Every structure is written in structure tokens, then in C-alpha cells.
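Novice: If it helps, the file is called target.cif and holds mmCIF, C-alpha atoms and all ligand atoms:
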```cif
data_entry
#
loop_
_atom_site.label_atom_id
_atom_site.label_comp_id
_atom_site.auth_asym_id
_atom_site.auth_seq_id
_atom_site.Cartn_x
_atom_site.Cartn_y
_atom_site.Cartn_z
CA MET C 1 57.22 -19.90 -220.03
CA LEU C 2 58.59 -20.37 -216.51
CA LEU C 3 62.08 -21.46 -217.53
CA GLU C 4 63.64 -21.03 -220.92
CA ALA C 5 67.28 -21.92 -221.51
CA LYS C 6 69.13 -21.99 -224.81
CA ASP C 7 72.56 -23.29 -225.73
CA VAL C 8 73.69 -23.71 -222.14
CA GLY C 9 77.35 -24.59 -221.64
CA HIS C 10 79.77 -24.86 -218.77
CA ALA C 11 83.37 -25.99 -218.30
CA TYR C 12 85.20 -26.75 -215.05
CA GLY C 13 88.61 -25.37 -216.02
CA ASP C 14 89.23 -26.87 -219.43
CA ARG C 15 86.92 -29.83 -218.83
CA VAL C 16 83.68 -29.24 -220.71
CA ALA C 17 80.78 -30.48 -218.56
CA LEU C 18 77.85 -29.11 -220.56
CA ARG C 19 77.40 -27.99 -224.15
CA GLY C 20 74.54 -26.83 -226.32
CA ILE C 21 71.71 -27.74 -223.97
CA SER C 22 68.32 -26.19 -224.54
CA ILE C 23 65.53 -26.79 -222.09
CA SER C 24 62.22 -25.22 -221.25
CA LEU C 25 59.92 -25.90 -218.35
CA ASP C 26 56.39 -24.73 -217.81
CA SER C 27 53.97 -24.90 -214.90
CA GLY C 28 52.33 -28.29 -214.50
CA GLN C 29 55.13 -30.18 -216.25
CA VAL C 30 57.31 -32.95 -214.85
CA VAL C 31 60.61 -33.36 -216.69
CA ALA C 32 63.18 -36.03 -215.79
CA LEU C 33 66.89 -35.61 -216.47
CA ILE C 34 68.53 -38.97 -216.99
CA GLY C 35 72.04 -40.00 -217.96
CA PRO C 36 75.04 -41.85 -216.53
CA ASN C 37 77.21 -40.55 -213.69
CA GLY C 38 79.21 -37.56 -214.85
CA SER C 39 76.93 -36.81 -217.82
CA GLY C 40 76.19 -33.31 -216.49
CA LYS C 41 72.83 -33.58 -214.71
CA SER C 42 73.93 -31.79 -211.53
CA THR C 43 75.88 -29.19 -213.47
CA LEU C 44 72.84 -28.45 -215.63
CA ILE C 45 70.60 -28.00 -212.59
CA LYS C 46 73.17 -25.71 -210.93
CA SER C 47 73.56 -23.72 -214.15
CA LEU C 48 69.82 -23.15 -214.38
CA LEU C 49 69.90 -21.73 -210.85
CA GLY C 50 72.90 -19.51 -211.54
CA HIS C 51 75.03 -21.47 -209.04
CA VAL C 52 77.66 -22.14 -211.69
CA PRO C 53 78.45 -19.51 -214.33
CA ALA C 54 77.06 -21.01 -217.51
CA THR C 55 77.17 -19.63 -221.03
CA GLY C 56 74.00 -19.33 -223.11
CA GLU C 57 70.63 -17.80 -222.31
CA ILE C 58 68.88 -18.85 -219.11
CA SER C 59 65.76 -16.99 -218.11
CA TRP C 60 63.13 -17.47 -215.44
CA ARG C 61 59.81 -15.76 -216.21
CA GLY C 62 61.58 -13.90 -219.01
CA LYS C 63 64.33 -12.43 -216.80
CA HIS C 64 67.93 -13.62 -217.07
CA VAL C 65 68.99 -15.77 -214.13
CA ARG C 66 71.82 -13.35 -213.29
CA GLU C 67 69.36 -10.46 -213.00
CA TRP C 68 67.34 -12.17 -210.28
CA ARG C 69 68.10 -11.35 -206.66
CA PRO C 70 68.80 -14.70 -204.95
CA ARG C 71 66.07 -14.17 -202.37
CA GLU C 72 63.47 -13.49 -205.06
CA LEU C 73 64.57 -16.40 -207.22
CA ALA C 74 64.25 -18.60 -204.12
CA ARG C 75 60.54 -17.73 -203.96
CA LEU C 76 60.17 -18.95 -207.51
CA VAL C 77 62.44 -22.00 -207.58
CA ALA C 78 63.32 -24.48 -204.84
CA TYR C 79 66.43 -26.62 -205.17
CA LEU C 80 67.24 -29.94 -203.58
CA PRO C 81 70.97 -30.62 -203.97
CA GLN C 82 72.30 -34.12 -204.45
CA SER C 83 73.70 -34.18 -200.89
CA PRO C 84 71.50 -31.93 -198.74
CA ARG C 85 72.77 -31.05 -195.27
CA HIS C 86 71.47 -30.13 -191.85
CA GLU C 87 73.08 -28.83 -188.67
CA PRO C 88 73.82 -31.35 -185.90
CA GLY C 89 70.77 -31.72 -183.67
CA GLN C 90 68.50 -29.81 -186.05
CA THR C 91 64.87 -30.93 -185.75
CA VAL C 92 62.48 -31.80 -188.56
CA ALA C 93 60.40 -28.69 -187.79
CA GLU C 94 63.48 -26.46 -187.91
CA THR C 95 64.50 -27.94 -191.25
CA LEU C 96 61.05 -27.40 -192.74
CA ARG C 97 60.96 -23.83 -191.41
CA LEU C 98 64.23 -23.00 -193.17
CA GLY C 99 62.37 -23.14 -196.47
CA ARG C 100 60.57 -19.98 -195.30
CA ALA C 101 63.81 -17.96 -195.15
CA PRO C 102 63.20 -16.18 -198.49
CA TYR C 103 60.07 -14.66 -196.92
CA TRP C 104 61.54 -13.51 -193.62
CA GLY C 105 61.86 -9.81 -192.85
CA ALA C 106 65.11 -7.93 -192.44
CA PHE C 107 65.57 -9.22 -188.87
CA GLY C 108 64.72 -12.82 -189.65
CA LEU C 109 61.24 -12.46 -188.16
CA GLU C 110 58.83 -15.26 -188.86
CA SER C 111 55.16 -14.71 -189.53
CA SER C 112 52.06 -16.74 -188.73
CA ALA C 113 52.02 -17.76 -192.41
CA ASP C 114 55.35 -19.53 -191.85
CA GLU C 115 53.83 -21.68 -189.10
CA ARG C 116 50.77 -22.51 -191.19
CA VAL C 117 52.75 -23.44 -194.33
CA THR C 118 55.18 -25.56 -192.30
CA LEU C 119 52.29 -27.53 -190.77
CA GLU C 120 50.56 -27.94 -194.12
CA VAL C 121 53.70 -29.36 -195.70
CA ALA C 122 54.33 -31.64 -192.71
CA ARG C 123 50.81 -33.01 -193.12
CA LEU C 124 51.17 -33.44 -196.90
CA LEU C 125 54.34 -35.49 -196.42
CA GLY C 126 53.16 -37.41 -193.35
CA LEU C 127 55.77 -35.78 -191.12
CA GLU C 128 53.44 -34.36 -188.40
CA ASP C 129 54.49 -36.89 -185.79
CA LEU C 130 58.19 -36.35 -186.43
CA LEU C 131 58.34 -32.55 -186.12
CA ASP C 132 60.20 -32.49 -182.80
CA ARG C 133 62.57 -35.30 -183.69
CA SER C 134 66.18 -34.70 -184.62
CA MET C 135 67.21 -35.05 -188.26
CA ASP C 136 70.04 -37.32 -187.08
CA GLN C 137 67.47 -39.88 -185.93
CA MET C 138 65.61 -40.08 -189.24
CA SER C 139 66.03 -42.96 -191.67
CA GLY C 140 67.53 -42.01 -195.04
CA GLY C 141 64.06 -42.06 -196.60
CA GLN C 142 62.47 -39.93 -193.86
CA ARG C 143 65.29 -37.41 -194.04
CA GLN C 144 64.85 -37.14 -197.80
CA ARG C 145 61.13 -36.43 -197.33
CA VAL C 146 61.99 -33.64 -194.91
CA TYR C 147 64.37 -32.09 -197.43
CA ILE C 148 61.65 -32.25 -200.07
CA GLY C 149 59.37 -30.67 -197.47
CA ARG C 150 61.88 -27.86 -197.04
CA CYS C 151 61.59 -27.20 -200.78
CA LEU C 152 57.80 -27.12 -200.53
CA THR C 153 57.70 -24.69 -197.59
CA GLN C 154 59.44 -22.29 -199.99
CA GLU C 155 56.09 -22.28 -201.85
CA PRO C 156 57.90 -22.19 -205.18
CA ALA C 157 56.53 -22.31 -208.71
CA ALA C 158 59.25 -24.78 -209.70
CA LEU C 159 61.14 -27.61 -208.04
CA LEU C 160 64.63 -28.58 -209.20
CA LEU C 161 65.51 -31.85 -207.52
CA ASP C 162 68.87 -33.57 -207.90
CA GLU C 163 68.39 -37.32 -207.49
CA PRO C 164 65.74 -37.02 -204.77
CA ASN C 165 65.07 -40.76 -204.79
CA THR C 166 68.60 -41.97 -204.11
CA PHE C 167 67.91 -43.18 -200.57
CA LEU C 168 64.37 -44.37 -201.11
CA ASP C 169 63.16 -47.95 -201.38
CA LEU C 170 60.88 -48.90 -204.25
CA LYS C 171 57.60 -47.98 -202.57
CA HIS C 172 58.90 -44.62 -201.36
CA GLN C 173 60.30 -43.88 -204.81
CA ILE C 174 56.91 -44.45 -206.38
CA ASP C 175 55.20 -42.45 -203.62
CA LEU C 176 57.60 -39.57 -204.29
CA TRP C 177 56.95 -39.64 -208.04
CA GLN C 178 53.22 -39.68 -207.40
CA LEU C 179 53.52 -36.76 -205.01
CA LEU C 180 55.50 -34.80 -207.61
CA ARG C 181 52.95 -35.59 -210.31
CA ASP C 182 50.14 -34.51 -207.99
CA LEU C 183 51.91 -31.25 -207.18
CA ALA C 184 52.39 -30.63 -210.89
CA LYS C 185 48.84 -31.48 -211.92
CA LYS C 186 46.89 -30.12 -208.93
CA LYS C 187 49.06 -27.21 -207.81
CA ASN C 188 50.53 -26.42 -211.20
CA LEU C 189 54.13 -26.76 -210.05
CA ALA C 190 56.90 -27.26 -212.58
CA VAL C 191 59.21 -30.12 -211.66
CA LEU C 192 62.64 -30.93 -213.07
CA LEU C 193 64.41 -33.84 -211.48
CA ALA C 194 67.53 -35.84 -212.08
CA SER C 195 67.02 -39.55 -211.66
CA HIS C 196 68.70 -42.87 -212.37
CA GLU C 197 65.40 -44.75 -212.41
CA LEU C 198 64.76 -44.91 -216.14
CA ASN C 199 61.54 -46.92 -215.96
CA ILE C 200 59.94 -45.12 -213.04
CA ALA C 201 60.92 -41.78 -214.56
CA GLY C 202 59.54 -42.90 -217.92
CA ALA C 203 56.23 -43.88 -216.35
CA HIS C 204 55.73 -40.63 -214.44
CA ALA C 205 57.47 -37.77 -216.27
CA ASP C 206 55.87 -35.84 -219.13
CA ARG C 207 59.25 -35.69 -220.83
CA LEU C 208 62.66 -37.31 -220.48
CA MET C 209 65.96 -35.61 -221.30
CA LEU C 210 68.92 -37.93 -221.72
CA LEU C 211 72.36 -36.42 -221.16
CA HIS C 212 75.59 -37.93 -222.44
CA ASP C 213 78.99 -36.31 -221.89
CA GLY C 214 77.36 -32.95 -221.26
CA ALA C 215 75.20 -32.95 -224.38
CA LEU C 216 71.59 -33.87 -225.01
CA ALA C 217 71.50 -37.39 -226.51
CA ALA C 218 67.71 -37.64 -226.72
CA SER C 219 64.64 -35.81 -225.48
CA GLY C 220 60.92 -36.47 -225.58
CA SER C 221 58.41 -39.09 -224.45
CA ALA C 222 59.49 -42.30 -222.69
CA ASP C 223 58.76 -44.16 -225.94
CA THR C 224 61.16 -41.90 -227.85
CA VAL C 225 63.98 -41.77 -225.32
CA LEU C 226 63.91 -45.27 -223.85
CA GLN C 227 65.24 -46.89 -227.03
CA PRO C 228 67.73 -49.74 -226.59
CA GLU C 229 70.15 -48.45 -229.27
CA VAL C 230 70.28 -44.96 -227.76
CA LEU C 231 70.60 -46.19 -224.18
CA SER C 232 73.18 -48.85 -225.06
CA SER C 233 75.50 -46.30 -226.61
CA VAL C 234 75.03 -43.82 -223.75
CA TYR C 235 75.32 -46.27 -220.83
CA GLY C 236 77.73 -48.71 -222.46
CA VAL C 237 75.65 -51.79 -221.62
CA ARG C 238 73.33 -53.88 -223.74
CA ILE C 239 69.71 -52.94 -223.14
CA GLU C 240 66.51 -54.85 -223.83
CA ARG C 241 63.11 -53.31 -223.99
CA TYR C 242 59.75 -54.79 -222.98
CA GLY C 243 56.23 -53.43 -222.62
CA ASP C 244 54.60 -51.25 -225.26
CA ALA C 245 54.95 -47.70 -226.54
CA ALA C 246 52.77 -46.35 -223.72
CA ASN C 247 54.64 -48.23 -220.99
CA PRO C 248 58.14 -49.11 -222.11
CA VAL C 249 60.39 -50.99 -219.71
CA VAL C 250 64.12 -51.20 -220.30
CA VAL C 251 66.53 -53.57 -218.56
CA PRO C 252 70.25 -54.16 -218.95
CA ARG C 253 71.11 -57.52 -220.47
CA ILE C 254 73.24 -59.31 -217.89
P1 LIG Z 1 76.07 -35.97 -213.04
O1 LIG Z 1 75.30 -35.15 -212.08
O2 LIG Z 1 75.31 -36.34 -214.27
O3 LIG Z 1 76.69 -37.18 -212.39
P2 LIG Z 1 77.95 -33.76 -212.95
O4 LIG Z 1 77.23 -32.57 -213.43
O5 LIG Z 1 78.13 -33.91 -211.49
O6 LIG Z 1 77.28 -35.08 -213.58
O7 LIG Z 1 79.39 -33.81 -213.61
C1 LIG Z 1 79.62 -33.56 -214.98
C2 LIG Z 1 81.12 -33.57 -215.24
O8 LIG Z 1 81.73 -32.44 -214.60
C3 LIG Z 1 81.84 -34.80 -214.68
O9 LIG Z 1 82.87 -35.14 -215.56
C4 LIG Z 1 82.41 -34.32 -213.37
O10 LIG Z 1 83.57 -35.03 -213.04
C5 LIG Z 1 82.71 -32.86 -213.67
N1 LIG Z 1 82.58 -32.02 -212.46
C6 LIG Z 1 81.47 -31.90 -211.68
N2 LIG Z 1 81.67 -31.02 -210.68
C7 LIG Z 1 82.95 -30.58 -210.83
C8 LIG Z 1 83.77 -29.65 -210.12
N3 LIG Z 1 83.30 -28.99 -209.04
N4 LIG Z 1 85.02 -29.46 -210.57
C9 LIG Z 1 85.50 -30.11 -211.65
N5 LIG Z 1 84.78 -30.98 -212.38
C10 LIG Z 1 83.52 -31.22 -211.98
MG MG Z 2 74.79 -35.51 -210.15
#
```
Using C-alpha cells, write down the structure from this file.
Ligand code: ADP
Ligand code: MG
Specialist:
Amino acid sequence: MLLEAKDVGHAYGDRVALRGISISLDSGQVVALIGPNGSGKSTLIKSLLGHVPATGEISWRGKHVREWRPRELARLVAYLPQSPRHEPGQTVAETLRLGRAPYWGAFGLESSADERVTLEVARLLGLEDLLDRSMDQMSGGQRQRVYIGRCLTQEPAALLLDEPNTFLDLKHQIDLWQLLRDLAKKKNLAVLLASHELNIAGAHADRLMLLHDGALAASGSADTVLQPEVLSSVYGVRIERYGDAANPVVVPRI
């Protein structure tokens, strides 16, 4: 198992943000974390990476997250934070190349592999023509693709993405989900992503995990998790469901 976490908890001061979460993730799987604002999605992702000091057992490839050297863990897992950043004037190519940092030698020397991987990722994401452009000139959607590209140049076994589709229009959201599914199925990547798009997540993820006040409210297939009673109590709005068990569609009743 790539990632195995049991009974994960975290509190910011005396405010409990996560409790009793168990999650596993294996190569080739796409898992979506859903839940309202403040339910603990970002905190869970950061806990799994060791960025916040969580309680419980969290291991990557059988080794506790705290025993991994950051540089080595970065070759295994790439992380896209909810608000990724770049330096002023930084180009697309420079941003993509930063994903190679965990492979650089002691003096920050790049290798020919870095160049090749960067170009491959640029091609995969349709960014070849933008390489010399400044990040500041990109649209929100283009910039987000570059940040996802930066994760891919890390050549990780797992991607942990915190709301990667926030700035994307409908078509780009679906394109992103399809790309992630392709990476999982063809390149055997493990993907865990936080998303607010219940229906799109339900249609593309192998498994949904619904968080509520830091705890797991439901987990499983879209059919299991996208239940109006469960969602109504978690989101505090009335929910109606359409479609069938294979393709459920939920909408808030307005
Ligand atoms: P989500 O990503 O699902 O919106 P978060 O993990 O960001 O949820 O937040 C979970 C809870 O922890 C929220 O109540 C939030 O206010 C709180 N929280 C998040 N980050 C911090 C922080 N740095 N300090 C204190 N409380 C925080
Ligand atoms: Mg968040």
C-alpha cells in the first residue's frame, strides 16, 4: 500500500480540526475528498504530508511520514496547495522546472533528464507554446495547469491536490479530471484530491470520502456517498438526487 493512515487527528490549539480519520491510497486509484468549507480537507492533506503534526499512524510505503527525509518524500508524493504561489516574473518553464528540485545535486545542478521531463509534461498539458511566458500573464486556468505540471515534473507516485479545479471553467474541470484518471490508469499514479464538485468527482473518482467537522461522514462509491440524507445533514441544504446508481447527480433544492 502506498499510503496507509489510521486514526489521524489534529487540533489547531484547542480547536479540533480532524479526528479518527483512516484512509488508504494505492497506485492507480483516484480518491476525492469532499465536504463543506472548514470540514478539514486541507488539514487532512497537510497531515498526510507531515506538514502539520497529526496524531495517529501515517505511513508512506510502510515508513512513518516523520521518518521520511523531505527531499525523498517529495520524489514519492507531489502536493498542490490550495493557493499555490510563484515569484514575480517567473516563467512557465521555470515553474515547471521547480518540480525537479528533489532530484537536483548538492549544488542545485540540473541534468538533461530535467529538461526532458519538463518538455514531456509541457506537451502533456498543452503548455509548449507558453513556456517562455510569465506566470503573471496566464489566465487562472492556465496557471493552474502549470502548477499541476509542476507536480508532474516531480515524477511522483502520488498526487495530493487541494482543490485543483477552483479556477477552472466546466470544460477545463472535466479535462483535468480526465487527465488525472488517465494518469492513474495508464501511469499507475495514486491521486487524492479535495474538490467541491460533488457530481464531477462522483463521476470520475474510484472512491469519495465525505468530511464533516473533521470526521469522516461517509466513504465509498458515488452511489453510497452521494445520498441526499447524508449530504443534507453535512451541507445544511436540502438535496435532491437524479440519475441512477451508476451515475448519480445531486443538486441543492433552491
Ligand atoms: P477545508 O479545507 O475543508 O475547508 P481546513 O482543513 O482548511 O478545511 O480547516 C478545518 C478547520 O480548521 C476549520 O475550522 C478551520 O477554520 C481550522 N483551521 C485551518 N487552518 C487553521 C490554522 N492555521 N489555524 C487555526 N485553525 C485553522
Ligand atoms: Mg481547504
Novice: Counting all atoms listed in the file, which residue out of C:Met135, C:Leu130, C:Leu226, C:Ala101 sits closest to Glu87 (chain C)?
Specialist: C:Met135
Novice: Have a look at C:Ala203, C:Leu170, C:Leu176, C:Leu193 and name the one nearest to ligand MG 2 (chain Z); count all atoms listed in the file.
Specialist: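 For ligand MG 2 (chain Z), the nearest of the given residues is C:Leu193.
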Novice: With distances taken over all atoms listed in the file, which residue among C:Val52, C:Ile239, C:Ala215, C:Ala78 lies nearest Val16 (chain C)?
Specialist: C:Ala215
Novice: So, with all atoms listed in the file as the atoms that count, which of C:Ser27, C:Ala5, C:Ile200, C:Glu110 lies closest to Val65 (chain C)?
Specialist: C:Ala5
Novice: Around ligand LIG 1 (chain Z), which protein and nucleic acid residues have at least one atom no more than 10 Å from it, if we count all atoms listed in the file? List them as number ranges by chain.
Specialist: C: 10-18, 33-47, 52, 82, 162-163, 194-196, 210-214
Novice: Any idea what the distance is between CA of Leu80 (chain C) and CA of Pro164 (chain C)?
Specialist: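 Atom-to-atom, CA of Leu80 (chain C) and CA of Pro164 (chain C) are spaced 7.3 Å apart.
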Novice: As an exercise, work out the distance from CA of Val77 (chain C) to CA of Ala158 (chain C) in Å and give it to one decimal place.
Specialist: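 Separating CA of Val77 (chain C) from CA of Ala158 (chain C) is a distance of 4.7 Å.
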Novice: Rank nothing, just name the residue among C:Thr55, C:Thr166, C:Thr95, C:Gln29 nearest to ligand MG 2 (chain Z), using all atoms listed in the file.
Specialist: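 Of C:Thr55, C:Thr166, C:Thr95, C:Gln29, the one nearest ligand MG 2 (chain Z), counting all atoms listed in the file, is C:Thr166.
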Novice: Rounded to one decimal place, report the CA of Leu189 (chain C)-CA of Glu67 (chain C) distance in Å.
Specialist: 22.5 Å
Novice: Any idea what's packed within 8 Å of Gly99 (chain C), counting only C-alpha atoms, ignoring anything in its chain fewer than 2 positions away? Could you give it as a list in words?
Specialist: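 In the requested form, the answer reads Thr95, Leu96, Arg97, Ala101, Pro102, Arg150, Cys151, Leu152, Thr153 and Gln154 of chain C.
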Novice: Which one is closest to ligand MG 2 (chain Z): C:Ala205, C:Leu231, C:Leu198, C:Leu161? Count only C-alpha atoms and all ligand atoms.
Specialist: C:Leu161
Novice: Might you pull out every residue within 6 Å of Gly28 (chain C), with all atoms listed in the file counted and same-chain residues fewer than 3 positions away left off, and present them as a CSV table (one decimal) with C-alpha atoms, in the frame of the given file?
Specialist:
```
chain,number,residue,atom,x,y,z
C,184,ALA,CA,52.4,-30.6,-210.9
C,185,LYS,CA,48.8,-31.5,-211.9
C,188,ASN,CA,50.5,-26.4,-211.2
C,189,LEU,CA,54.1,-26.8,-210.0
C,190,ALA,CA,56.9,-27.3,-212.6
```
Novice: I'd like the neighbourhood of Leu127 (chain C) as a ChimeraX atom specification, where a residue qualifies if any of its atoms comes within 9 Å (using all atoms listed in the file), though same-chain residues fewer than 2 positions away should be ignored.
Specialist: /C:92,119,121-125,129-131,142,145-146,149
Novice: Report the centre and edge lengths, in Å to one decimal, of an axis-aligned box enclosing every atom of region 211-214 of chain C listed in the file, padded by 3 Å on each side, as lines of an AutoDock Vina configuration file.
Specialist:
```
center_x = 75.7
center_y = -35.4
center_z = -221.8
size_x = 12.6
size_y = 11.0
size_z = 7.3
```
Novice: Which residues are close to Gly140 (chain C), i.e. within 9 Å by only C-alpha atoms, leaving aside same-chain residues fewer than 3 positions away? Reply as a VMD selection string.
Specialist: chain C and resid 143 to 145 167 to 168
Novice: Is it possible to get the residues within 10 Å of (68.2, -30.7, -187.5) (coordinates as in the file, counting all atoms listed in the file) written as an NGL selection string?
Specialist: :C and (85-96 or 132-138 or 143)
Novice: Write out as a PyMOL selection string each polymer residue whose atoms come within 12 Å of Ser24 (chain C), counting only C-alpha atoms; drop sequence neighbours fewer than 2 positions from it.
Specialist: chain C and resi 1-8+21-22+26-27+29-31+48+57-62+158+190-192+207+209+219
